[in-house]
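For reference, the structure is listed below as structure tokens.
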Amino acid sequence: MAETILFPAYARSLGITIVGEEAGMPLLSVDFGPNVEGRPAHFHGGATAGLLETAGYAALHTALLAAGRDPQLKPINITVQYLAAGKSQASFALGRITRLGRRNANVSVEAWQDDRTRPIATAVMNILMV
Amino acid sequence: MHLCMIMPPALFDAREASKWFFRHGHTAWLGLRFTDQGENWVELELPWRADLVGDSQSGVLASGPIISLMDMASGMAIWQASRTFNPVATLDLRVDYQRPAREGASVRGRVECYRRTRSAAFVRGIAHDGDPGDPVAHVAGVFMTIGADPRKDNPALARAMGNG
């Protein structure tokens, strides 16, 4: 259940919220505002990465909860691909578990704005579970 | 006559630029600060703050703000290396986390621009929490220069890339 996920202080502070569910995974969103602005009227790449990463962890938490597991999570790495400029409107992100192993999870995340078929950024994350 | 026609553009200097870079938007919200610079590198600091924590039990800064720190230091390293403030867009940024930052510790991001071509710039760097010899993370990234827009010369490419 997506609603049971507790965001870290950073994600709450940036203004990330859960706005829905897709394929059993929480759909995250952040509104445009000064907190996330880079060059005028555009998302800062770091804020977009923050949204992607939060969506990745939210997806993993959801999958682990469903599997009855509660390990400590440690980030190994994240690779972010920027595909289009984030404009001055809400951004959305959804994570997908590519592989859930015993010690490592590989998570793919996609972020978009008004057009779901035109992502603004994607990320691949490796997360260690101990 | 417009000013830029009679005045040569000022050379980019990360220390000077920092005086107005971090006043607005995402980097102001994070509280980024300039700490050091070289010929082709820039170091910025992300001060520790309770509402930027990723894990409430450990009190360690979240990795999101560290990506922002490294992204900003990357862009400034590119401008520092070229001495010009040409807009750039992040194409690809990779962060390898070596260990968590210490509890309550600020994180510094030091990034160098080691190669520039006409349309791309390559960066690498580290994030550390006091000792550059014991990094919190390593980063590698590629940026595109926005000024040299290839779509102007190639309409087919413009269609393929959309209006982004």
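FYI, nothing fancy with the structure tokens labels: chains A, B, ... in order, residues from 1 per chain, ligands from 1 as they appear.
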Requested in this report: Write out as an MDAnalysis selection string the residues lying within 12 Å of Asp70 (chain A), counting only C-alpha atoms and excluding same-chain residues fewer than 3 positions away.
Outcome: chainID A and resid 60:67 73 102 129:130
Pick out the chain A residues within 7 Å of chain B. Count only C-alpha atoms. Give them as a PDB file with C-alpha atoms, in the first residue's frame.
ATOM      1  CA  PRO A   8      12.373  11.187   4.446  1.00  0.00           C
ATOM      2  CA  ALA A   9      12.544  14.798   5.658  1.00  0.00           C
ATOM      3  CA  TYR A  10      14.229  15.874   2.422  1.00  0.00           C
ATOM      4  CA  SER A  13      10.677  19.433   2.491  1.00  0.00           C
ATOM      5  CA  PRO A  34      11.209  28.291  -6.028  1.00  0.00           C
ATOM      6  CA  ASN A  35      12.347  25.130  -4.185  1.00  0.00           C
ATOM      7  CA  VAL A  36      12.979  23.261  -7.429  1.00  0.00           C
ATOM      8  CA  GLU A  37      13.830  26.083  -9.836  1.00  0.00           C
ATOM      9  CA  GLY A  38      17.178  26.082 -11.639  1.00  0.00           C
ATOM     10  CA  HIS A  44      16.927  22.246 -11.539  1.00  0.00           C
ATOM     11  CA  GLY A  45      18.499  18.941 -12.608  1.00  0.00           C
ATOM     12  CA  GLY A  46      19.194  18.157  -8.974  1.00  0.00           C
ATOM     13  CA  ALA A  47      15.543  18.590  -8.006  1.00  0.00           C
ATOM     14  CA  ALA A  49      17.048  13.740  -9.599  1.00  0.00           C
ATOM     15  CA  GLY A  50      15.638  14.086  -6.079  1.00  0.00           C
ATOM     16  CA  GLU A  53      15.371   8.935  -6.405  1.00  0.00           C
ATOM     17  CA  PRO A  75      22.410   3.470  -1.947  1.00  0.00           C
ATOM     18  CA  ILE A  76      25.095   1.989  -4.227  1.00  0.00           C
ATOM     19  CA  ASN A  77      24.664   4.266  -7.210  1.00  0.00           C
ATOM     20  CA  ILE A  78      22.284   6.238  -9.377  1.00  0.00           C
ATOM     21  CA  THR A  79      22.594   7.185 -13.044  1.00  0.00           C
ATOM     22  CA  VAL A  80      20.290   9.943 -14.252  1.00  0.00           C
ATOM     23  CA  GLN A  81      19.578  10.592 -17.923  1.00  0.00           C
ATOM     24  CA  TYR A  82      18.152  14.007 -18.719  1.00  0.00           C
ATOM     25  CA  ALA A  84      14.112  17.205 -21.903  1.00  0.00           C
ATOM     26  CA  ALA A  85      14.003  20.412 -19.887  1.00  0.00           C
TER      27      ALA A  85
END
Requested in this report: Would you list the contacts of Thr117 (chain B) as a PyMOL selection string, taking every protein, DNA or RNA residue within 10 Å and counting only C-alpha atoms, but skipping same-chain residues closer than 4 positions in sequence?
Outcome: chain B and resi 121-122+144-145
Report task. May I have all residues of region 6-129 of chain A that DSSP, computed from the backbone, assigns to helix (DSSP H, G or I), given as a PyMOL selection string? Result -> chain A and resi 9-14+34-36+45-66
Residues within 10 Å of Pro132 (chain B), only C-alpha atoms, excluding chain neighbours under 4 positions, as a PDB file with C-alpha atoms, in the first residue's frame:
ATOM      1  CA  ARG B 108      31.501  19.370  -0.090  1.00  0.00           C
ATOM      2  CA  GLY B 109      31.383  18.645  -3.797  1.00  0.00           C
ATOM      3  CA  ARG B 110      34.564  19.115  -5.824  1.00  0.00           C
ATOM      4  CA  ILE B 126      34.035  13.656  -5.480  1.00  0.00           C
ATOM      5  CA  ALA B 127      31.775  14.512  -2.576  1.00  0.00           C
ATOM      6  CA  HIS B 128      33.465  14.490   0.832  1.00  0.00           C
ATOM      7  CA  VAL B 136      31.419  10.056   0.335  1.00  0.00           C
TER       8      VAL B 136
END
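For the atom pair formed by CA of Asn104 (chain A) and CA of Gln57 (chain B), the distance is 21.7 Å, given to one decimal.
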Query - DSSP strand (DSSP E) residues within chain B, listed as a PyMOL selection string - result: chain B and resi 33-37+41-46+53-55+60-61+88-97+107-116+120-128+137-145
Requested in this report: Identify, on the basis of only C-alpha atoms, every residue whose closest approach to Ser18 (chain B) does not exceed 12 Å; exclude the query and any residue fewer than 6 positions from it along the same chain; express the result as an MDAnalysis selection string.
Outcome: chainID B and resid 12 24 27:28 31:37 42:45 72:73 76 80
Keeping N, CA and C atoms for every residue in the selection just given, could you write it to a file as an mmCIF file, in the first residue's frame?
data_model
loop_
_atom_site.group_PDB
_atom_site.id
_atom_site.type_symbol
_atom_site.label_atom_id
_atom_site.label_comp_id
_atom_site.auth_asym_id
_atom_site.auth_seq_id
_atom_site.Cartn_x
_atom_site.Cartn_y
_atom_site.Cartn_z
ATOM 1 N N PHE B 12 34.224 34.380 -16.720
ATOM 2 C CA PHE B 12 33.512 33.716 -15.631
ATOM 3 C C PHE B 12 34.475 33.416 -14.495
ATOM 4 N N HIS B 24 18.697 32.488 -5.372
ATOM 5 C CA HIS B 24 17.342 32.136 -5.811
ATOM 6 C C HIS B 24 17.235 30.636 -6.062
ATOM 7 N N THR B 27 19.076 26.076 -5.531
ATOM 8 C CA THR B 27 20.372 26.139 -4.846
ATOM 9 C C THR B 27 20.306 27.038 -3.608
ATOM 10 N N ALA B 28 19.417 28.060 -3.644
ATOM 11 C CA ALA B 28 19.222 28.910 -2.464
ATOM 12 C C ALA B 28 18.510 28.115 -1.378
ATOM 13 N N GLY B 31 20.858 26.041 0.286
ATOM 14 C CA GLY B 31 21.854 26.799 1.040
ATOM 15 C C GLY B 31 23.277 26.554 0.571
ATOM 16 N N LEU B 32 23.459 26.272 -0.727
ATOM 17 C CA LEU B 32 24.800 26.004 -1.261
ATOM 18 C C LEU B 32 25.722 27.204 -1.051
ATOM 19 N N ARG B 33 27.001 26.890 -0.818
ATOM 20 C CA ARG B 33 28.010 27.931 -0.609
ATOM 21 C C ARG B 33 29.252 27.621 -1.433
ATOM 22 N N PHE B 34 29.927 28.667 -1.884
ATOM 23 C CA PHE B 34 31.199 28.497 -2.582
ATOM 24 C C PHE B 34 32.291 28.243 -1.553
ATOM 25 N N THR B 35 33.213 27.308 -1.854
ATOM 26 C CA THR B 35 34.342 27.109 -0.945
ATOM 27 C C THR B 35 35.696 27.268 -1.623
ATOM 28 N N ASP B 36 35.851 26.754 -2.849
ATOM 29 C CA ASP B 36 37.180 26.818 -3.461
ATOM 30 C C ASP B 36 37.075 26.620 -4.968
ATOM 31 N N GLN B 37 38.136 26.995 -5.677
ATOM 32 C CA GLN B 37 38.148 26.821 -7.123
ATOM 33 C C GLN B 37 39.576 26.689 -7.635
ATOM 34 N N VAL B 42 35.736 23.374 -9.362
ATOM 35 C CA VAL B 42 35.011 24.197 -8.402
ATOM 36 C C VAL B 42 34.605 23.311 -7.234
ATOM 37 N N GLU B 43 34.688 23.846 -6.040
ATOM 38 C CA GLU B 43 34.191 23.120 -4.866
ATOM 39 C C GLU B 43 33.114 23.953 -4.190
ATOM 40 N N LEU B 44 31.966 23.304 -3.939
ATOM 41 C CA LEU B 44 30.846 23.942 -3.248
ATOM 42 C C LEU B 44 30.526 23.148 -1.991
ATOM 43 N N GLU B 45 29.828 23.813 -1.058
ATOM 44 C CA GLU B 45 29.458 23.145 0.189
ATOM 45 C C GLU B 45 27.947 23.123 0.370
ATOM 46 N N MET B 72 25.397 21.142 -9.643
ATOM 47 C CA MET B 72 25.728 22.578 -9.657
ATOM 48 C C MET B 72 27.230 22.783 -9.757
ATOM 49 N N ALA B 73 28.004 21.996 -8.984
ATOM 50 C CA ALA B 73 29.467 22.116 -9.040
ATOM 51 C C ALA B 73 29.973 21.728 -10.429
ATOM 52 N N MET B 76 29.342 24.668 -12.836
ATOM 53 C CA MET B 76 30.261 25.772 -12.549
ATOM 54 C C MET B 76 31.693 25.417 -12.932
ATOM 55 N N GLN B 80 33.947 27.495 -15.333
ATOM 56 C CA GLN B 80 35.269 27.877 -14.832
ATOM 57 C C GLN B 80 36.345 27.474 -15.833
#
Env of Ile146 (chain B): 10 Å cut, atoms = only C-alpha atoms, seq-sep filter 4 positions within chain, self excluded. Answer as a PDB file with N, CA and C atoms, in the first residue's frame.
ATOM      1  N   ASN B  86      28.302  30.064 -20.710  1.00  0.00           N
ATOM      2  CA  ASN B  86      27.396  29.550 -21.743  1.00  0.00           C
ATOM      3  C   ASN B  86      26.467  28.523 -21.104  1.00  0.00           C
ATOM      4  N   PRO B  87      25.155  28.638 -21.350  1.00  0.00           N
ATOM      5  CA  PRO B  87      24.232  27.693 -20.734  1.00  0.00           C
ATOM      6  C   PRO B  87      24.567  26.250 -21.111  1.00  0.00           C
ATOM      7  N   VAL B  88      24.469  25.365 -20.130  1.00  0.00           N
ATOM      8  CA  VAL B  88      24.690  23.940 -20.378  1.00  0.00           C
ATOM      9  C   VAL B  88      23.511  23.152 -19.804  1.00  0.00           C
ATOM     10  N   ALA B  89      23.273  21.972 -20.362  1.00  0.00           N
ATOM     11  CA  ALA B  89      22.218  21.097 -19.858  1.00  0.00           C
ATOM     12  C   ALA B  89      22.831  19.752 -19.498  1.00  0.00           C
ATOM     13  N   SER B 119      30.379  20.729 -28.468  1.00  0.00           N
ATOM     14  CA  SER B 119      28.998  20.610 -27.999  1.00  0.00           C
ATOM     15  C   SER B 119      28.848  19.837 -26.685  1.00  0.00           C
ATOM     16  N   ALA B 120      29.921  19.274 -26.148  1.00  0.00           N
ATOM     17  CA  ALA B 120      29.801  18.498 -24.910  1.00  0.00           C
ATOM     18  C   ALA B 120      30.910  18.864 -23.931  1.00  0.00           C
ATOM     19  N   PRO B 150      22.437  22.286 -32.612  1.00  0.00           N
ATOM     20  CA  PRO B 150      22.573  21.639 -33.922  1.00  0.00           C
ATOM     21  C   PRO B 150      21.279  21.644 -34.720  1.00  0.00           C
TER      22      PRO B 150
END
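Interatomic distance, CA of Leu83 (chain A) against CA of Gln113 (chain A): 11.9 Å.
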